[in-house]
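As structure tokens, the structure follows; a few thoughts come after it.
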Amino acid sequence: MGITMKDVVRSAAERLQLDELTEEGALEPNAQLSIDAERERDALLACANTVYREAATEFCPIAASEICESSGVIEYDALSRPCLKVLRVEDLSGRKVRAKPTPAGIRTGEGTFRIFYCYLPQPAALDEELAFDSYGISADVLAAGTSAEYLLRNGMYQEADAWERRYREGISALCATGGRYVPERQFMR
């Protein structure tokens, strides 16, 4: 099983000593929490999603592929996920095809092509798995970034800086892939 957003939020709550959120069952859908704890949970979830998307765009891009029909240009809207970068285009036999990314889409030619690209993941709910799985990202590293983001949003700049350094060091060590991309999880196809 991969990393869930709940793992990240729970780990961040432990680091920030938000005791009500670290109790057993506190992050379950029907958990009875105080209004303050609900706010804290929602704030941590928002921070965790910010860090998740930042990691996927800046440090460990997530790659996907899909087959598309083209009459000359494949519009980015035709892809199922928001495209950040086109990696390559192949025909159905696996041969690389000349393609040019443009502001309007991917200029290819006519035919059916497999597009390999990096994408921006959608914000995740607490019970959702993150697209990283076990490809170099850990819940602890994302929790350090989440803690930094939470503290920054609450005006605790020195504490945020300490967690930010831990996050940056951890993610640099885990994502030192030498230009590779995190492959998409199998359930995302």
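Residue numbering restarts at 1 for every chain of the structure tokens, chains are lettered A, B, ... in their displayed order, and ligands are numbered from 1 as they appear.
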Residues of chain A in helix (DSSP H, G or I), written as a PyMOL selection string: chain A and resi 5-16+19-22+35-59+76-78+139-153+157-174+186-188
Residues flagged strand (DSSP E or B) by DSSP in chain A, as a PyMOL selection string: chain A and resi 4+62-75+83-91+96+100-101+105-119+129+182
Contact residues around A:Tyr76 with only C-alpha atoms at 8 Å, ignoring same-chain residues under 5 positions, as JSON, numbers by chain: {"A": [82, 83, 104, 105, 106]}
Taking only C-alpha atoms into account, produce a table as a Markdown table in which each residue of stretch 8-125 of chain A with an atom at most 12 Å from an atom of stretch 161-167 of chain A appears once, together with its shortest atom pair and the distance in Å to one decimal, ordered by chain and rising number.
```
| residue | atom | partner | partner_atom | distance |
| --- | --- | --- | --- | --- |
| A:Ala12 | CA | A:Trp163 | CA | 10.3 |
| A:Arg15 | CA | A:Trp163 | CA | 9.5 |
| A:Leu16 | CA | A:Trp163 | CA | 10.2 |
| A:Val51 | CA | A:Tyr167 | CA | 9.7 |
| A:Tyr52 | CA | A:Tyr167 | CA | 11.7 |
| A:Glu54 | CA | A:Tyr167 | CA | 11.7 |
| A:Ala55 | CA | A:Tyr167 | CA | 10.2 |
| A:Phe59 | CA | A:Tyr167 | CA | 11.4 |
```
d(atom CA of A:Glu169, atom CA of A:Val9) in Å: 19.6 Å
Selected residue, from A:Ser80, A:Ser34, A:Ser147, A:Thr50, that lies nearest to A:Glu14 when counting only C-alpha atoms: A:Ser147
Close residues, stretch 84-96 of chain A itself excluded, 8 Å, only C-alpha atoms, min 3 positions apart in chain, as JSON, numbers by chain: {"A": [57, 99, 101, 112, 113, 114, 115, 116, 117, 118, 119, 120]}
Could you list, as a PDB file with N, CA and C atoms, in the first residue's frame, every residue within 9 Å of A:Leu45, counting only C-alpha atoms and ignoring same-chain residues fewer than 3 positions away?
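Result went into around08.pdb, see below:
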```pdb
ATOM      1  N   MET A   5      -2.878  10.428   2.136  1.00  0.00           N
ATOM      2  CA  MET A   5      -2.828  11.793   2.664  1.00  0.00           C
ATOM      3  C   MET A   5      -3.002  11.759   4.173  1.00  0.00           C
ATOM      4  N   LYS A   6      -3.756  10.785   4.674  1.00  0.00           N
ATOM      5  CA  LYS A   6      -3.945  10.643   6.115  1.00  0.00           C
ATOM      6  C   LYS A   6      -2.600  10.403   6.821  1.00  0.00           C
ATOM      7  N   VAL A   8       0.321  11.493   5.898  1.00  0.00           N
ATOM      8  CA  VAL A   8       1.049  12.771   5.909  1.00  0.00           C
ATOM      9  C   VAL A   8       0.480  13.698   6.973  1.00  0.00           C
ATOM     10  N   VAL A   9      -0.854  13.819   7.012  1.00  0.00           N
ATOM     11  CA  VAL A   9      -1.489  14.725   7.967  1.00  0.00           C
ATOM     12  C   VAL A   9      -1.248  14.254   9.400  1.00  0.00           C
ATOM     13  N   GLU A  40      -8.094  22.722  12.458  1.00  0.00           N
ATOM     14  CA  GLU A  40      -6.694  22.306  12.368  1.00  0.00           C
ATOM     15  C   GLU A  40      -6.519  21.201  11.325  1.00  0.00           C
ATOM     16  N   ARG A  41      -7.434  20.226  11.335  1.00  0.00           N
ATOM     17  CA  ARG A  41      -7.388  19.141  10.353  1.00  0.00           C
ATOM     18  C   ARG A  41      -7.503  19.677   8.930  1.00  0.00           C
ATOM     19  N   ASP A  42      -8.455  20.571   8.718  1.00  0.00           N
ATOM     20  CA  ASP A  42      -8.654  21.132   7.382  1.00  0.00           C
ATOM     21  C   ASP A  42      -7.458  21.969   6.949  1.00  0.00           C
ATOM     22  N   ALA A  48      -0.882  20.090   3.384  1.00  0.00           N
ATOM     23  CA  ALA A  48      -0.346  18.841   2.832  1.00  0.00           C
ATOM     24  C   ALA A  48      -0.555  18.778   1.324  1.00  0.00           C
ATOM     25  N   ASN A  49      -1.700  19.244   0.841  1.00  0.00           N
ATOM     26  CA  ASN A  49      -1.944  19.252  -0.599  1.00  0.00           C
ATOM     27  C   ASN A  49      -1.031  20.248  -1.308  1.00  0.00           C
ATOM     28  N   THR A  50      -0.747  21.368  -0.679  1.00  0.00           N
ATOM     29  CA  THR A  50       0.198  22.329  -1.263  1.00  0.00           C
ATOM     30  C   THR A  50       1.569  21.691  -1.424  1.00  0.00           C
ATOM     31  N   ALA A 124      -5.611  15.809  -2.926  1.00  0.00           N
ATOM     32  CA  ALA A 124      -6.067  14.516  -2.402  1.00  0.00           C
ATOM     33  C   ALA A 124      -6.884  14.705  -1.122  1.00  0.00           C
ATOM     34  N   ALA A 125      -7.888  13.869  -0.961  1.00  0.00           N
ATOM     35  CA  ALA A 125      -8.658  13.824   0.280  1.00  0.00           C
ATOM     36  C   ALA A 125      -7.870  12.998   1.300  1.00  0.00           C
ATOM     37  N   LEU A 126      -8.294  13.039   2.539  1.00  0.00           N
ATOM     38  CA  LEU A 126      -7.565  12.326   3.597  1.00  0.00           C
ATOM     39  C   LEU A 126      -7.379  10.842   3.317  1.00  0.00           C
ATOM     40  N   THR A 146       4.733  19.830   5.189  1.00  0.00           N
ATOM     41  CA  THR A 146       3.401  20.229   5.639  1.00  0.00           C
ATOM     42  C   THR A 146       3.502  21.027   6.935  1.00  0.00           C
TER      43      THR A 146
END
```
Shell of 12 Å around A:Arg39, only C-alpha atoms, local chain residues under 6 positions omitted, as a PyMOL selection string: chain A and resi 18+20-21+33+45-46
Length of the atom CA of A:Glu24 to atom CA of A:Glu38 vector [Å]: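 Computed distance, atom CA of A:Glu24 to atom CA of A:Glu38, equals 15.0 Å.
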Computed interatomic separation between atom CA of A:Gly155 and atom CA of A:Pro61 (Å):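 It comes out at 29.6 Å.
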Residue among A:Asp36, A:Glu75, A:Glu58, A:Asp127 lying closest to A:Arg10, counting only C-alpha atoms: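 Once distances to A:Arg10 are computed over only C-alpha atoms, the minimum belongs to A:Asp127.
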Nearest-residue call for A:Pro123, choices A:Asp7, A:Leu151, A:Cys47, A:Glu28, using only C-alpha atoms: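 Closest to A:Pro123, using only C-alpha atoms: A:Cys47.
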